[in-house]
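Report on the following structure.
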Amino acid sequence: MHDMVGSIGNLVSFLVFLAPMPTFYTIWKKKSSEGFQSIPYSVAFLSASLLLYYAFLKTNAYMIVSINGIGCVIETIYLLMYIVYAPKKARRQVIRTKSVEFMPFTLSFFLTLCATMWFFYGFFVQDYYIALPNVLGFLFGIAQMILYFIYKNAKKDVNETKNVELETSKDIEKNLDVKEAVGTMVEVTK
């Protein structure tokens with residue numbers, strides 16, 4: 001049973017590593033990382049590296065070695081592409097901008113699915129060093145998907161709000177101009 005769950009875990013992990021491909025295709029095509037963050041790919045690289053180290057310490061952990069070795073290579077390629085195309089200015093954040101434009105849902109979904117599979121693998125082989133961290137991975141993945149659904153339509157709302165604010169500020173400027181003109185006229189007549 002644990003071999004089947006481990007194999008499914010490897011497959012899902014491979015899909016997790018491939019999930020950012022559309023993002024990096026866009027980065028490569030536009031020659032800019034735009035507002036995409038490098039943090040998820042840095043964390044994925046660190047996670048795969050730590051699991052690879054753990055797998056070398058553990059005996060007969062071929063599934064963990066194979067998928068995390070592949071993951072390290074893929075994440076290194078992503079990070080190199082990101083470094084090559086990263087802008088020098090500050091990057092946008094989902095909550096600050098209320099936009100998920102630079103937060104791919106597929107990555108959040110597959111990370112959550114991956115955490116679930118590796119939790120069950122660790123549970124079945126009674127390796128709590130694998131199982132327990134994936135509880136956090138599952139919870140963070142759910143949190144990311146909730147953020148995605150909260151802010152997925154917010155970009156339109158933010159743009160509409162900006163337009164209303166712009167029109168309001170133009171109206172205020174017009175009113176100030178009228179008040180200034182009236183004030184000037186009152187002063188002239190005194």
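Within each chain, counting starts at residue 1; across the structure tokens, chains are named A, B, ... in the order shown, with ligands numbered 1 upward in that order.
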Problem set entry | Spatial neighbours of Ile130 in chain A, 9 Å, only C-alpha atoms, chain gap at least 6 places, as a PyMOL selection string | chain A and resi 51+118-119+121-123
How about saving the chosen residues, N, CA, C and O atoms kept, as a PDB file, in the first residue's frame?
```pdb
ATOM      1  N   LEU A  51      14.788  17.281   1.668  1.00  0.00           N
ATOM      2  CA  LEU A  51      14.261  15.922   1.541  1.00  0.00           C
ATOM      3  C   LEU A  51      15.274  14.997   0.868  1.00  0.00           C
ATOM      4  O   LEU A  51      15.355  13.808   1.203  1.00  0.00           O
ATOM      5  N   TRP A 118       2.078  13.029   0.310  1.00  0.00           N
ATOM      6  CA  TRP A 118       3.269  12.732   1.094  1.00  0.00           C
ATOM      7  C   TRP A 118       2.937  12.543   2.565  1.00  0.00           C
ATOM      8  O   TRP A 118       3.615  11.793   3.275  1.00  0.00           O
ATOM      9  N   PHE A 119       1.887  13.208   3.043  1.00  0.00           N
ATOM     10  CA  PHE A 119       1.439  12.950   4.414  1.00  0.00           C
ATOM     11  C   PHE A 119       1.028  11.484   4.551  1.00  0.00           C
ATOM     12  O   PHE A 119       1.452  10.792   5.479  1.00  0.00           O
ATOM     13  N   TYR A 121       1.827   8.968   2.633  1.00  0.00           N
ATOM     14  CA  TYR A 121       2.989   8.088   2.470  1.00  0.00           C
ATOM     15  C   TYR A 121       3.742   7.979   3.796  1.00  0.00           C
ATOM     16  O   TYR A 121       4.052   6.883   4.264  1.00  0.00           O
ATOM     17  N   GLY A 122       4.037   9.125   4.405  1.00  0.00           N
ATOM     18  CA  GLY A 122       4.744   9.117   5.688  1.00  0.00           C
ATOM     19  C   GLY A 122       3.957   8.398   6.768  1.00  0.00           C
ATOM     20  O   GLY A 122       4.522   7.690   7.612  1.00  0.00           O
ATOM     21  N   PHE A 123       2.647   8.562   6.737  1.00  0.00           N
ATOM     22  CA  PHE A 123       1.784   7.897   7.710  1.00  0.00           C
ATOM     23  C   PHE A 123       1.834   6.379   7.538  1.00  0.00           C
ATOM     24  O   PHE A 123       1.973   5.632   8.507  1.00  0.00           O
TER      25      PHE A 123
END
```
How would you write, as a compact mmCIF listing (two decimals) with N, CA, C and O atoms, in the first residue's frame, the set of residues in range 13-146 of chain A that DSSP gives as alpha helix (DSSP H)?
```txt
# COMPACT_ATOMS: atom_id res chain seq x y z
N SER A 13 4.15 14.98 -7.06
CA SER A 13 5.30 15.87 -6.84
C SER A 13 5.89 16.33 -8.17
O SER A 13 6.25 17.50 -8.32
N PHE A 14 5.95 15.43 -9.13
CA PHE A 14 6.46 15.80 -10.45
C PHE A 14 5.54 16.84 -11.09
O PHE A 14 6.01 17.81 -11.69
N LEU A 15 4.23 16.66 -10.92
CA LEU A 15 3.28 17.66 -11.43
C LEU A 15 3.44 19.00 -10.72
O LEU A 15 3.30 20.06 -11.33
N VAL A 16 3.77 18.96 -9.43
CA VAL A 16 4.03 20.19 -8.68
C VAL A 16 5.23 20.90 -9.28
O VAL A 16 5.21 22.12 -9.49
N PHE A 17 6.28 20.16 -9.55
CA PHE A 17 7.48 20.78 -10.13
C PHE A 17 7.21 21.33 -11.53
O PHE A 17 7.84 22.30 -11.93
N LEU A 18 6.27 20.73 -12.25
CA LEU A 18 5.95 21.21 -13.60
C LEU A 18 4.87 22.30 -13.61
O LEU A 18 4.72 22.99 -14.61
N MET A 21 5.46 25.78 -15.09
CA MET A 21 5.93 25.88 -16.49
C MET A 21 5.24 26.99 -17.27
O MET A 21 5.92 27.76 -17.95
N PRO A 22 3.90 27.14 -17.20
CA PRO A 22 3.27 28.25 -17.94
C PRO A 22 3.78 29.62 -17.47
O PRO A 22 3.98 30.52 -18.28
N THR A 23 4.01 29.74 -16.18
CA THR A 23 4.55 30.99 -15.63
C THR A 23 5.92 31.28 -16.22
O THR A 23 6.19 32.40 -16.67
N PHE A 24 6.79 30.29 -16.22
CA PHE A 24 8.14 30.52 -16.72
C PHE A 24 8.19 30.62 -18.24
O PHE A 24 9.08 31.26 -18.78
N TYR A 25 7.24 30.04 -18.91
CA TYR A 25 7.14 30.25 -20.35
C TYR A 25 6.80 31.73 -20.61
O TYR A 25 7.39 32.36 -21.50
N THR A 26 5.88 32.27 -19.81
CA THR A 26 5.52 33.69 -19.94
C THR A 26 6.72 34.57 -19.62
O THR A 26 6.98 35.55 -20.32
N ILE A 27 7.44 34.25 -18.55
CA ILE A 27 8.64 35.02 -18.18
C ILE A 27 9.66 34.98 -19.31
O ILE A 27 10.23 36.01 -19.68
N TRP A 28 9.89 33.81 -19.85
CA TRP A 28 10.87 33.67 -20.94
C TRP A 28 10.41 34.43 -22.18
O TRP A 28 11.20 35.11 -22.83
N LYS A 29 9.12 34.32 -22.50
CA LYS A 29 8.59 34.97 -23.70
C LYS A 29 8.65 36.50 -23.58
O LYS A 29 9.02 37.18 -24.53
N LYS A 30 8.30 37.03 -22.40
CA LYS A 30 8.29 38.48 -22.19
C LYS A 30 9.64 39.02 -21.76
O LYS A 30 9.82 40.22 -21.65
N ILE A 39 10.03 33.59 -4.24
CA ILE A 39 9.97 32.88 -2.97
C ILE A 39 9.43 31.45 -3.10
O ILE A 39 10.04 30.53 -2.54
N PRO A 40 8.33 31.20 -3.82
CA PRO A 40 7.85 29.81 -3.90
C PRO A 40 8.88 28.85 -4.50
O PRO A 40 8.98 27.70 -4.07
N TYR A 41 9.67 29.33 -5.44
CA TYR A 41 10.65 28.47 -6.12
C TYR A 41 11.88 28.28 -5.25
O TYR A 41 12.49 27.21 -5.25
N SER A 42 12.24 29.30 -4.47
CA SER A 42 13.34 29.17 -3.52
C SER A 42 12.97 28.18 -2.42
O SER A 42 13.79 27.33 -2.04
N VAL A 43 11.75 28.28 -1.92
CA VAL A 43 11.29 27.37 -0.87
C VAL A 43 11.19 25.95 -1.42
O VAL A 43 11.57 24.98 -0.74
N ALA A 44 10.70 25.80 -2.64
CA ALA A 44 10.61 24.46 -3.25
C ALA A 44 11.99 23.85 -3.42
O ALA A 44 12.18 22.65 -3.17
N PHE A 45 12.96 24.66 -3.82
CA PHE A 45 14.33 24.17 -3.97
C PHE A 45 14.89 23.74 -2.61
O PHE A 45 15.48 22.66 -2.47
N LEU A 46 14.68 24.58 -1.59
CA LEU A 46 15.16 24.25 -0.25
C LEU A 46 14.48 22.97 0.27
O LEU A 46 15.14 22.09 0.83
N SER A 47 13.18 22.86 0.06
CA SER A 47 12.44 21.69 0.50
C SER A 47 12.93 20.43 -0.18
O SER A 47 13.17 19.40 0.47
N ALA A 48 13.10 20.49 -1.50
CA ALA A 48 13.59 19.32 -2.24
C ALA A 48 15.01 18.96 -1.80
O ALA A 48 15.35 17.77 -1.67
N SER A 49 15.83 19.97 -1.53
CA SER A 49 17.21 19.72 -1.08
C SER A 49 17.23 19.03 0.28
O SER A 49 17.99 18.09 0.50
N LEU A 50 16.39 19.54 1.20
CA LEU A 50 16.35 18.93 2.53
C LEU A 50 15.82 17.50 2.48
O LEU A 50 16.34 16.61 3.17
N LEU A 51 14.79 17.28 1.67
CA LEU A 51 14.26 15.92 1.54
C LEU A 51 15.27 15.00 0.87
O LEU A 51 15.35 13.81 1.20
N LEU A 52 16.03 15.53 -0.06
CA LEU A 52 17.08 14.73 -0.71
C LEU A 52 18.14 14.34 0.32
O LEU A 52 18.57 13.17 0.38
N TYR A 53 18.54 15.28 1.14
CA TYR A 53 19.51 14.99 2.20
C TYR A 53 18.95 13.94 3.17
O TYR A 53 19.64 12.98 3.52
N TYR A 54 17.70 14.13 3.56
CA TYR A 54 17.06 13.16 4.46
C TYR A 54 17.01 11.77 3.82
O TYR A 54 17.26 10.77 4.48
N ALA A 55 16.69 11.73 2.54
CA ALA A 55 16.59 10.44 1.85
C ALA A 55 17.93 9.72 1.78
O ALA A 55 17.99 8.49 1.84
N PHE A 56 19.02 10.49 1.67
CA PHE A 56 20.34 9.86 1.66
C PHE A 56 20.69 9.28 3.03
O PHE A 56 21.40 8.29 3.12
N LEU A 57 20.17 9.90 4.09
CA LEU A 57 20.42 9.39 5.44
C LEU A 57 19.59 8.15 5.74
O LEU A 57 19.99 7.30 6.52
N TYR A 62 14.41 5.25 -2.19
CA TYR A 62 14.65 5.54 -3.60
C TYR A 62 13.61 6.50 -4.19
O TYR A 62 13.95 7.34 -5.03
N MET A 63 12.37 6.35 -3.76
CA MET A 63 11.32 7.24 -4.29
C MET A 63 11.59 8.69 -3.87
O MET A 63 11.42 9.60 -4.66
N ILE A 64 12.01 8.87 -2.64
CA ILE A 64 12.27 10.22 -2.14
C ILE A 64 13.51 10.80 -2.83
O ILE A 64 13.52 11.98 -3.19
N VAL A 65 14.53 9.98 -3.04
CA VAL A 65 15.75 10.45 -3.72
C VAL A 65 15.43 10.84 -5.16
O VAL A 65 15.82 11.92 -5.63
N SER A 66 14.71 9.99 -5.86
CA SER A 66 14.48 10.24 -7.29
C SER A 66 13.66 11.51 -7.52
O SER A 66 14.06 12.37 -8.31
N ILE A 67 12.55 11.67 -6.83
CA ILE A 67 11.70 12.82 -7.11
C ILE A 67 12.33 14.12 -6.64
O ILE A 67 12.21 15.15 -7.29
N ASN A 68 13.03 14.09 -5.52
CA ASN A 68 13.63 15.32 -5.02
C ASN A 68 14.90 15.68 -5.78
O ASN A 68 15.24 16.86 -5.89
N GLY A 69 15.59 14.69 -6.33
CA GLY A 69 16.71 15.00 -7.24
C GLY A 69 16.21 15.71 -8.48
O GLY A 69 16.76 16.72 -8.92
N ILE A 70 15.13 15.18 -9.06
CA ILE A 70 14.50 15.82 -10.22
C ILE A 70 14.00 17.21 -9.84
O ILE A 70 14.18 18.18 -10.58
N GLY A 71 13.39 17.32 -8.66
CA GLY A 71 12.88 18.61 -8.19
C GLY A 71 13.97 19.65 -8.04
O GLY A 71 13.78 20.82 -8.40
N CYS A 72 15.12 19.25 -7.50
CA CYS A 72 16.23 20.20 -7.36
C CYS A 72 16.69 20.74 -8.72
O CYS A 72 16.94 21.94 -8.86
N VAL A 73 16.77 19.85 -9.70
CA VAL A 73 17.18 20.28 -11.04
C VAL A 73 16.15 21.25 -11.63
O VAL A 73 16.51 22.33 -12.14
N ILE A 74 14.87 20.91 -11.55
CA ILE A 74 13.82 21.76 -12.13
C ILE A 74 13.77 23.11 -11.42
O ILE A 74 13.70 24.16 -12.07
N GLU A 75 13.81 23.11 -10.09
CA GLU A 75 13.75 24.37 -9.34
C GLU A 75 14.97 25.24 -9.61
O GLU A 75 14.87 26.46 -9.64
N THR A 76 16.14 24.62 -9.80
CA THR A 76 17.34 25.38 -10.15
C THR A 76 17.15 26.09 -11.48
O THR A 76 17.52 27.27 -11.62
N ILE A 77 16.58 25.40 -12.45
CA ILE A 77 16.31 26.02 -13.76
C ILE A 77 15.35 27.19 -13.60
O ILE A 77 15.58 28.28 -14.15
N TYR A 78 14.28 27.01 -12.81
CA TYR A 78 13.32 28.10 -12.58
C TYR A 78 14.01 29.30 -11.94
O TYR A 78 13.81 30.44 -12.35
N LEU A 79 14.82 29.04 -10.92
CA LEU A 79 15.48 30.14 -10.22
C LEU A 79 16.48 30.87 -11.12
O LEU A 79 16.59 32.10 -11.06
N LEU A 80 17.18 30.13 -11.95
CA LEU A 80 18.11 30.77 -12.88
C LEU A 80 17.35 31.66 -13.88
O LEU A 80 17.78 32.78 -14.17
N MET A 81 16.23 31.15 -14.38
CA MET A 81 15.41 31.97 -15.29
C MET A 81 14.90 33.21 -14.58
O MET A 81 14.88 34.31 -15.14
N TYR A 82 14.48 33.03 -13.33
CA TYR A 82 13.97 34.17 -12.57
C TYR A 82 15.06 35.22 -12.37
O TYR A 82 14.83 36.41 -12.54
N ILE A 83 16.25 34.77 -12.00
CA ILE A 83 17.36 35.70 -11.78
C ILE A 83 17.71 36.46 -13.06
O ILE A 83 17.96 37.67 -13.04
N VAL A 84 17.70 35.75 -14.18
CA VAL A 84 18.03 36.39 -15.45
C VAL A 84 17.01 37.46 -15.82
O VAL A 84 17.37 38.54 -16.30
N TYR A 85 15.74 37.21 -15.57
CA TYR A 85 14.69 38.11 -16.02
C TYR A 85 14.05 38.96 -14.91
O TYR A 85 13.05 39.63 -15.15
N VAL A 94 0.24 39.61 -3.35
CA VAL A 94 -1.17 39.31 -3.56
C VAL A 94 -2.07 40.15 -2.66
O VAL A 94 -3.00 40.79 -3.13
N ILE A 95 -1.79 40.17 -1.38
CA ILE A 95 -2.69 40.86 -0.45
C ILE A 95 -2.60 42.38 -0.63
O ILE A 95 -3.61 43.07 -0.63
N ARG A 96 -1.39 42.91 -0.80
CA ARG A 96 -1.22 44.36 -0.94
C ARG A 96 -1.93 44.87 -2.18
O ARG A 96 -2.59 45.90 -2.16
N THR A 97 -1.80 44.14 -3.28
CA THR A 97 -2.41 44.59 -4.54
C THR A 97 -3.81 44.03 -4.74
O THR A 97 -4.51 44.45 -5.65
N PHE A 105 -2.83 29.47 -9.77
CA PHE A 105 -3.67 28.56 -8.99
C PHE A 105 -3.19 27.13 -9.09
O PHE A 105 -3.23 26.39 -8.11
N THR A 106 -2.71 26.73 -10.27
CA THR A 106 -2.28 25.34 -10.45
C THR A 106 -1.16 24.99 -9.48
O THR A 106 -1.13 23.87 -8.96
N LEU A 107 -0.26 25.92 -9.22
CA LEU A 107 0.83 25.66 -8.29
C LEU A 107 0.27 25.42 -6.88
O LEU A 107 0.64 24.46 -6.22
N SER A 108 -0.64 26.27 -6.44
CA SER A 108 -1.25 26.11 -5.11
C SER A 108 -2.00 24.79 -5.01
O SER A 108 -1.90 24.07 -4.01
N PHE A 109 -2.75 24.46 -6.05
CA PHE A 109 -3.53 23.22 -6.05
C PHE A 109 -2.63 22.00 -5.97
O PHE A 109 -2.84 21.11 -5.14
N PHE A 110 -1.61 21.95 -6.83
CA PHE A 110 -0.74 20.77 -6.83
C PHE A 110 0.12 20.69 -5.58
O PHE A 110 0.45 19.59 -5.12
N LEU A 111 0.49 21.83 -4.99
CA LEU A 111 1.23 21.78 -3.73
C LEU A 111 0.36 21.18 -2.62
O LEU A 111 0.84 20.39 -1.80
N THR A 112 -0.91 21.55 -2.60
CA THR A 112 -1.82 21.00 -1.60
C THR A 112 -2.01 19.50 -1.81
O THR A 112 -1.96 18.71 -0.86
N LEU A 113 -2.22 19.10 -3.05
CA LEU A 113 -2.37 17.69 -3.37
C LEU A 113 -1.11 16.91 -3.03
O LEU A 113 -1.16 15.81 -2.46
N CYS A 114 0.04 17.49 -3.33
CA CYS A 114 1.32 16.85 -3.05
C CYS A 114 1.51 16.67 -1.54
O CYS A 114 1.92 15.59 -1.09
N ALA A 115 1.21 17.70 -0.77
CA ALA A 115 1.34 17.60 0.69
C ALA A 115 0.44 16.50 1.23
O ALA A 115 0.83 15.75 2.13
N THR A 116 -0.75 16.38 0.67
CA THR A 116 -1.68 15.34 1.11
C THR A 116 -1.11 13.94 0.82
O THR A 116 -1.12 13.06 1.69
N MET A 117 -0.59 13.75 -0.38
CA MET A 117 -0.05 12.43 -0.76
C MET A 117 1.16 12.07 0.09
O MET A 117 1.29 10.93 0.55
N TRP A 118 2.08 13.03 0.31
CA TRP A 118 3.27 12.73 1.09
C TRP A 118 2.94 12.54 2.57
O TRP A 118 3.62 11.79 3.28
N PHE A 119 1.89 13.21 3.04
CA PHE A 119 1.44 12.95 4.41
C PHE A 119 1.03 11.48 4.55
O PHE A 119 1.45 10.79 5.48
N PHE A 120 0.19 11.02 3.62
CA PHE A 120 -0.27 9.64 3.70
C PHE A 120 0.88 8.64 3.50
O PHE A 120 0.92 7.60 4.15
N TYR A 121 1.83 8.97 2.63
CA TYR A 121 2.99 8.09 2.47
C TYR A 121 3.74 7.98 3.80
O TYR A 121 4.05 6.88 4.26
N GLY A 122 4.04 9.13 4.40
CA GLY A 122 4.74 9.12 5.69
C GLY A 122 3.96 8.40 6.77
O GLY A 122 4.52 7.69 7.61
N PHE A 123 2.65 8.56 6.74
CA PHE A 123 1.78 7.90 7.71
C PHE A 123 1.83 6.38 7.54
O PHE A 123 1.97 5.63 8.51
N PHE A 124 1.74 5.91 6.28
CA PHE A 124 1.72 4.47 6.03
C PHE A 124 3.06 3.80 6.33
O PHE A 124 3.10 2.66 6.78
N TYR A 128 7.29 9.86 10.51
CA TYR A 128 6.63 11.12 10.86
C TYR A 128 7.45 12.35 10.46
O TYR A 128 6.95 13.45 10.47
N TYR A 129 8.72 12.14 10.11
CA TYR A 129 9.52 13.25 9.59
C TYR A 129 9.04 13.65 8.19
O TYR A 129 9.31 14.75 7.73
N ILE A 130 8.37 12.76 7.52
CA ILE A 130 7.76 13.08 6.22
C ILE A 130 6.31 13.49 6.42
O ILE A 130 5.84 14.46 5.82
N ALA A 131 5.60 12.79 7.28
CA ALA A 131 4.16 13.03 7.44
C ALA A 131 3.85 14.40 8.06
O ALA A 131 3.04 15.16 7.52
N LEU A 132 4.46 14.72 9.18
CA LEU A 132 4.07 15.92 9.93
C LEU A 132 4.32 17.24 9.21
O LEU A 132 3.45 18.11 9.22
N PRO A 133 5.46 17.45 8.55
CA PRO A 133 5.63 18.72 7.84
C PRO A 133 4.59 18.92 6.72
O PRO A 133 4.24 20.06 6.39
N ASN A 134 4.08 17.83 6.20
CA ASN A 134 3.11 17.95 5.12
C ASN A 134 1.72 18.35 5.62
O ASN A 134 0.88 18.77 4.82
N VAL A 135 1.49 18.25 6.92
CA VAL A 135 0.26 18.82 7.48
C VAL A 135 0.29 20.33 7.30
O VAL A 135 -0.68 20.94 6.85
N LEU A 136 1.44 20.94 7.60
CA LEU A 136 1.59 22.39 7.37
C LEU A 136 1.50 22.73 5.89
O LEU A 136 0.89 23.73 5.52
N GLY A 137 2.11 21.90 5.06
CA GLY A 137 2.02 22.12 3.61
C GLY A 137 0.58 22.12 3.13
O GLY A 137 0.17 22.94 2.31
N PHE A 138 -0.21 21.20 3.65
CA PHE A 138 -1.63 21.12 3.30
C PHE A 138 -2.36 22.39 3.76
O PHE A 138 -3.11 23.00 3.00
N LEU A 139 -2.12 22.81 5.01
CA LEU A 139 -2.80 23.99 5.54
C LEU A 139 -2.40 25.26 4.79
O LEU A 139 -3.26 26.10 4.46
N PHE A 140 -1.11 25.41 4.47
CA PHE A 140 -0.67 26.58 3.70
C PHE A 140 -1.24 26.55 2.29
O PHE A 140 -1.60 27.58 1.72
N GLY A 141 -1.33 25.36 1.71
CA GLY A 141 -1.91 25.23 0.37
C GLY A 141 -3.38 25.63 0.35
O GLY A 141 -3.83 26.34 -0.55
N ILE A 142 -4.11 25.20 1.36
CA ILE A 142 -5.53 25.59 1.48
C ILE A 142 -5.63 27.11 1.64
O ILE A 142 -6.47 27.75 1.01
N ALA A 143 -4.75 27.68 2.47
CA ALA A 143 -4.76 29.14 2.66
C ALA A 143 -4.49 29.88 1.35
O ALA A 143 -5.15 30.88 1.04
N GLN A 144 -3.55 29.38 0.55
CA GLN A 144 -3.26 30.01 -0.74
C GLN A 144 -4.46 29.92 -1.67
O GLN A 144 -4.78 30.90 -2.37
N MET A 145 -5.13 28.78 -1.69
CA MET A 145 -6.29 28.65 -2.57
C MET A 145 -7.44 29.54 -2.10
O MET A 145 -8.16 30.11 -2.93
N ILE A 146 -7.59 29.70 -0.80
CA ILE A 146 -8.61 30.62 -0.29
C ILE A 146 -8.29 32.05 -0.72
O ILE A 146 -9.17 32.78 -1.19
```
